[in-house]
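Data from entry-v5.csv: CSV, C-alpha atoms
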chain,number,residue,atom,x,y,z
A,127,GLU,CA,57.5,58.1,-21.3
A,128,ALA,CA,53.8,57.6,-21.7
A,129,GLY,CA,52.3,58.5,-25.1
A,130,VAL,CA,49.2,60.5,-25.9
A,131,ALA,CA,46.1,58.9,-24.4
A,132,GLN,CA,42.6,59.0,-25.8
A,133,SER,CA,39.3,57.6,-24.8
A,134,PRO,CA,37.0,56.1,-25.7
A,135,ARG,CA,38.6,54.0,-28.5
A,136,TYR,CA,35.3,53.4,-30.3
A,137,LYS,CA,32.0,55.0,-30.2
A,138,ILE,CA,28.8,54.3,-32.0
A,139,ILE,CA,25.9,56.8,-31.8
A,140,GLU,CA,22.8,57.7,-33.8
A,141,LYS,CA,22.6,61.0,-35.7
A,142,ARG,CA,21.5,64.0,-33.7
A,143,GLN,CA,23.0,62.5,-30.5
A,144,SER,CA,26.0,64.1,-28.8
A,145,VAL,CA,29.4,62.6,-28.1
A,146,ALA,CA,32.6,63.7,-26.3
A,147,PHE,CA,36.2,62.6,-26.7
A,148,TRP,CA,39.0,62.9,-24.2
A,149,CYS,CA,42.7,63.4,-24.7
A,150,ASN,CA,45.6,63.5,-22.3
A,151,PRO,CA,48.8,64.7,-24.1
A,152,ILE,CA,52.4,63.7,-23.3
A,153,SER,CA,53.5,65.3,-20.1
A,154,GLY,CA,55.0,68.7,-20.7
A,155,HIS,CA,53.7,69.2,-24.2
A,156,ALA,CA,52.3,72.7,-24.5
A,157,THR,CA,50.6,72.2,-27.9
A,158,LEU,CA,47.6,70.0,-28.5
A,159,TYR,CA,45.9,69.2,-31.7
A,160,TRP,CA,42.6,67.6,-32.7
A,161,TYR,CA,42.4,66.0,-36.2
A,162,GLN,CA,39.5,64.4,-38.0
A,163,GLN,CA,40.5,61.6,-40.4
A,164,ILE,CA,37.8,60.3,-42.7
A,165,LEU,CA,38.3,56.9,-44.2
A,166,GLY,CA,40.7,57.1,-47.2
A,167,GLN,CA,41.8,60.7,-46.4
A,168,GLY,CA,44.6,62.3,-44.5
A,169,PRO,CA,44.1,63.9,-41.1
A,170,LYS,CA,42.5,67.3,-41.2
A,171,LEU,CA,43.3,69.7,-38.4
A,172,LEU,CA,40.2,70.8,-36.4
A,173,ILE,CA,41.7,72.8,-33.6
A,174,GLN,CA,45.1,73.6,-32.1
A,175,PHE,CA,45.7,74.7,-28.5
A,176,GLN,CA,48.9,76.3,-27.1
A,177,ASN,CA,48.6,75.7,-23.4
A,178,ASN,CA,44.9,76.5,-22.8
A,179,GLY,CA,44.5,79.1,-25.5
A,180,VAL,CA,43.2,78.4,-29.0
A,181,VAL,CA,45.8,79.0,-31.8
A,182,ASP,CA,43.7,77.9,-34.8
A,183,ASP,CA,40.1,76.7,-35.0
A,184,SER,CA,39.4,77.8,-38.6
A,185,GLN,CA,38.4,74.3,-39.8
A,186,LEU,CA,36.3,73.5,-36.7
A,187,PRO,CA,32.5,73.3,-37.6
A,188,LYS,CA,31.6,75.6,-34.7
A,189,ASP,CA,27.9,75.1,-35.1
A,190,ARG,CA,28.2,71.5,-33.8
A,191,PHE,CA,31.8,71.0,-32.6
A,192,SER,CA,33.4,72.5,-29.5
A,193,ALA,CA,36.7,71.8,-27.7
A,194,GLU,CA,38.3,72.9,-24.6
A,195,ARG,CA,41.6,72.5,-22.8
A,196,LEU,CA,41.3,73.3,-19.2
A,197,LYS,CA,44.4,74.0,-17.2
A,198,GLY,CA,46.5,73.5,-20.3
A,199,VAL,CA,46.6,69.7,-20.0
A,200,ASP,CA,43.7,67.4,-20.9
A,201,SER,CA,41.3,68.3,-23.7
A,202,THR,CA,37.8,67.3,-24.7
A,203,LEU,CA,36.2,67.5,-28.1
A,204,LYS,CA,32.4,67.5,-28.3
A,205,ILE,CA,30.0,67.0,-31.2
A,206,GLN,CA,26.4,68.1,-30.7
A,207,PRO,CA,24.4,67.1,-32.6
A,208,ALA,CA,26.2,64.5,-34.7
A,209,LYS,CA,25.7,64.0,-38.4
A,210,LEU,CA,26.3,61.0,-40.6
A,211,GLU,CA,29.3,62.7,-42.2
A,212,ASP,CA,31.0,63.0,-38.8
A,213,SER,CA,31.9,59.3,-38.9
A,214,ALA,CA,35.7,59.3,-38.8
A,215,VAL,CA,38.6,58.7,-36.6
A,216,TYR,CA,39.4,61.6,-34.2
A,217,LEU,CA,43.1,61.9,-33.5
A,218,CYS,CA,44.7,63.9,-30.8
A,219,ALA,CA,48.3,64.9,-31.1
A,220,SER,CA,50.7,66.8,-28.9
A,221,SER,CA,54.0,68.5,-29.3
A,222,THR,CA,56.4,70.5,-27.2
A,223,GLY,CA,55.5,73.8,-29.0
A,224,THR,CA,55.9,75.8,-32.2
A,225,SER,CA,58.7,78.2,-31.8
A,226,GLY,CA,60.9,79.7,-34.5
A,227,PHE,CA,61.3,78.0,-37.8
A,228,PHE,CA,61.8,74.5,-36.7
A,229,TYR,CA,59.0,72.1,-36.5
A,230,ASN,CA,58.3,70.3,-33.3
A,231,GLU,CA,57.3,66.7,-33.9
A,232,GLN,CA,53.7,65.9,-33.3
A,233,PHE,CA,53.0,62.6,-31.5
A,234,PHE,CA,49.6,61.1,-32.2
A,235,GLY,CA,47.3,59.2,-29.9
A,236,PRO,CA,45.6,56.0,-30.9
A,237,GLY,CA,42.4,57.8,-32.0
A,238,THR,CA,38.7,57.4,-31.4
A,239,ARG,CA,36.7,55.8,-34.1
A,240,LEU,CA,33.3,57.3,-34.3
A,241,THR,CA,30.4,55.7,-36.2
A,242,VAL,CA,27.3,57.8,-36.6
A,243,LEU,CA,24.2,55.7,-37.7
B,174,GLN,CA,43.1,72.1,-56.4
B,175,LYS,CA,44.1,70.1,-53.3
B,176,GLU,CA,46.8,71.6,-51.3
B,177,VAL,CA,48.8,68.4,-51.0
B,178,GLU,CA,48.3,65.7,-53.6
B,179,GLN,CA,49.4,62.1,-53.6
B,180,ASN,CA,48.6,59.1,-55.8
B,181,SER,CA,46.2,57.0,-53.7
B,182,GLY,CA,47.6,53.8,-55.1
B,183,PRO,CA,47.6,51.0,-54.2
B,184,LEU,CA,51.3,50.7,-55.0
B,185,SER,CA,52.7,47.2,-55.0
B,186,VAL,CA,56.3,46.3,-55.1
B,187,PRO,CA,58.1,43.0,-54.6
B,188,GLU,CA,60.2,42.5,-51.4
B,189,GLY,CA,63.7,43.9,-51.8
B,190,ALA,CA,62.7,46.5,-54.5
B,191,ILE,CA,62.7,50.2,-54.3
B,192,ALA,CA,59.3,51.8,-53.5
B,193,SER,CA,58.9,55.4,-54.8
B,194,LEU,CA,56.2,57.6,-53.3
B,195,ASN,CA,55.4,61.0,-54.7
B,196,CYS,CA,53.7,64.2,-53.4
B,197,THR,CA,53.1,67.6,-54.9
B,198,TYR,CA,51.9,70.7,-53.0
B,199,SER,CA,50.3,73.9,-54.1
B,200,ASP,CA,51.6,76.5,-51.6
B,201,ARG,CA,54.9,77.9,-52.7
B,202,GLY,CA,55.4,79.3,-49.2
B,203,SER,CA,55.5,75.8,-47.7
B,204,GLN,CA,58.5,75.5,-45.5
B,205,SER,CA,58.8,72.0,-44.1
B,206,PHE,CA,57.9,68.6,-45.5
B,207,PHE,CA,57.1,65.4,-43.8
B,208,TRP,CA,56.4,61.7,-44.4
B,209,TYR,CA,54.2,59.8,-42.0
B,210,ARG,CA,53.6,56.1,-42.0
B,211,GLN,CA,50.2,54.8,-40.9
B,212,TYR,CA,49.5,51.2,-40.4
B,213,SER,CA,45.9,50.1,-40.8
B,214,GLY,CA,43.9,51.0,-37.8
B,215,LYS,CA,46.8,52.8,-36.2
B,216,SER,CA,47.8,56.4,-35.8
B,217,PRO,CA,50.4,58.2,-38.0
B,218,GLU,CA,54.0,58.1,-37.1
B,219,LEU,CA,56.7,60.4,-38.4
B,220,ILE,CA,59.4,58.7,-40.4
B,221,MET,CA,61.2,61.6,-42.3
B,222,PHE,CA,61.2,65.3,-42.5
B,223,ILE,CA,63.1,67.6,-44.9
B,224,TYR,CA,63.5,71.4,-45.1
B,225,SER,CA,66.0,72.0,-47.8
B,226,ASN,CA,66.2,71.1,-51.5
B,227,GLY,CA,68.0,67.9,-52.3
B,228,ASP,CA,68.1,64.5,-50.7
B,229,LYS,CA,68.0,63.4,-47.1
B,230,GLU,CA,68.8,59.8,-46.2
B,231,ASP,CA,67.9,57.9,-43.0
B,232,GLY,CA,68.6,54.2,-43.2
B,233,ARG,CA,66.5,52.6,-46.0
B,234,PHE,CA,64.5,55.9,-46.4
B,235,THR,CA,65.4,58.8,-48.6
B,236,ALA,CA,63.4,62.0,-48.8
B,237,GLN,CA,63.8,64.2,-51.9
B,238,LEU,CA,62.6,67.8,-52.1
B,239,ASN,CA,62.4,70.1,-55.2
B,240,LYS,CA,60.9,73.4,-54.2
B,241,ALA,CA,61.0,74.8,-57.7
B,242,SER,CA,58.8,71.9,-58.9
B,243,GLN,CA,56.8,71.8,-55.6
B,244,TYR,CA,57.5,68.2,-55.4
B,245,VAL,CA,58.6,65.9,-52.6
B,246,SER,CA,59.2,62.2,-52.7
B,247,LEU,CA,60.1,59.2,-50.5
B,248,LEU,CA,62.2,56.3,-51.6
B,249,ILE,CA,62.2,53.1,-49.6
B,250,ARG,CA,65.1,50.8,-50.5
B,251,ASP,CA,65.1,47.1,-49.9
B,252,SER,CA,61.4,47.2,-49.2
B,253,GLN,CA,60.1,44.7,-46.6
B,254,PRO,CA,56.6,43.4,-46.0
B,255,SER,CA,56.6,45.3,-42.7
B,256,ASP,CA,56.8,48.5,-44.8
B,257,SER,CA,53.2,47.8,-46.1
B,258,ALA,CA,51.2,50.8,-44.9
B,259,THR,CA,49.7,54.1,-46.0
B,260,TYR,CA,52.3,56.8,-46.4
B,261,LEU,CA,51.1,60.4,-45.7
B,262,CYS,CA,52.8,63.4,-47.1
B,263,ALA,CA,52.4,66.6,-45.0
B,264,VAL,CA,53.6,70.1,-45.4
B,265,THR,CA,53.7,73.2,-43.2
B,266,GLY,CA,53.5,76.8,-44.2
B,267,SER,CA,54.1,80.0,-42.2
B,268,ALA,CA,51.6,78.9,-39.6
B,269,ARG,CA,53.6,75.8,-39.0
B,270,GLN,CA,50.5,73.6,-39.1
B,271,LEU,CA,50.4,70.3,-40.9
B,272,THR,CA,48.4,69.9,-44.0
B,273,PHE,CA,48.2,66.2,-45.0
B,274,GLY,CA,47.7,64.6,-48.4
B,275,SER,CA,45.3,61.6,-48.7
B,276,GLY,CA,48.1,59.1,-48.5
B,277,THR,CA,49.5,56.4,-50.8
B,278,GLN,CA,48.8,52.8,-49.8
B,279,LEU,CA,51.9,50.6,-50.3
B,280,THR,CA,51.9,46.9,-50.3
B,281,VAL,CA,55.3,45.0,-50.3
B,282,LEU,CA,54.8,41.5,-51.7
B,283,PRO,CA,56.9,38.6,-50.1
Serialized structure, structure tokens:
Amino acid sequence: EAGVAQSPRYKIIEKRQSVAFWCNPISGHATLYWYQQILGQGPKLLIQFQNNGVVDDSQLPKDRFSAERLKGVDSTLKIQPAKLEDSAVYLCASSTGTSGFFYNEQFFGPGTRLTVL
Amino acid sequence: QKEVEQNSGPLSVPEGAIASLNCTYSDRGSQSFFWYRQYSGKSPELIMFIYSNGDKEDGRFTAQLNKASQYVSLLIRDSQPSDSATYLCAVTGSARQLTFGSGTQLTVLP
């Protein structure tokens, strides 16, 4: 079974430029997550999709970040314009869903390392 | 106060020793507790989860949960150099979304 795919793996941009990241979850996984992991910190949830609907985007800086998941499969995360503090690894994860009490394991992609100069 | 707190380390143990990693959380409504391992430059991978008070063992790993003290720990027995990584504690509340700690860096010395 193929894992979560992300591209690009690395990106270097200057501040005020825009950037987009792509994620392809594990086939059949209804739930997709975008996390931001700053060096030395744990991942922070930015947005969670269930199929193509947003479940939680409370920590997404909506003035500059946007995300979409068309047709409930692939997703893109965009930053426009980028700031120095956006330098981080952006992780995509997917799971089968969040039903009932039990947790559905999240599988992480390899991440995109963004450097903003 | 951070929602999930861990000692950042680094924690160094000799090969074959027991490594003890600790985590406290602030939300008494937290329901599920997880330990992820993250090798340098890699993505997190789940190694243990626990829902109930007490101990849960899986091979060389034991997770311990004390909800009254809002404390969860991970013990790694017979530590190996391949266990050297950052260990992330994560919890979920009623929303079933993961909140991660900052991680503890573990080094196992040959």
>> Contacts from chain A to chain B, 8 Å maximum, all atoms listed in the file: show me the residue list as a PyMOL selection string.
In response: chain A and resi 166-171+217+224+229+231+233-237
> Between A:Thr157, A:Gly179, A:Val242, A:Gln163, which has the minimum distance to Glu140 (chain A) (counting all atoms listed in the file)?
Replying inline: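 Ranked by minimum distance to Glu140 (chain A), first place goes to A:Val242.
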> Which residues, written as a ChimeraX atom specification, have at least one atom at most 10 Å from region 188-201 of chain A, with all atoms listed in the file counted and residues fewer than 4 positions away on the same chain left out?
Replying inline: /A:131-132,144-160,172-180,183-184,205-209,218
>> Using all atoms listed in the file for the distances, tell me which of B:Leu248, B:Asp256, B:Tyr209, B:Val264 is nearest to Leu282 (chain B).
In response: B:Asp256
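CA of Asp182 (chain A) is found 28.8 Å from CA of Asn239 (chain B).
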>> Need the shell around Arg201 (chain B): protein/DNA/RNA residues with any atom at most 8 Å away, counting all atoms listed in the file. Skip same-chain ones fewer than 2 positions apart. Format as a PyMOL selection string?
In response: chain B and resi 198-199+203+240+243
>> Can you pull out the residues contacting region 232-237 of chain B? Cut-off 10 Å, using only C-alpha atoms, and skip same-chain residues under 6 positions away; I want them as number ranges by chain.
In response: B: 191-195, 206-208, 220-226, 244-252
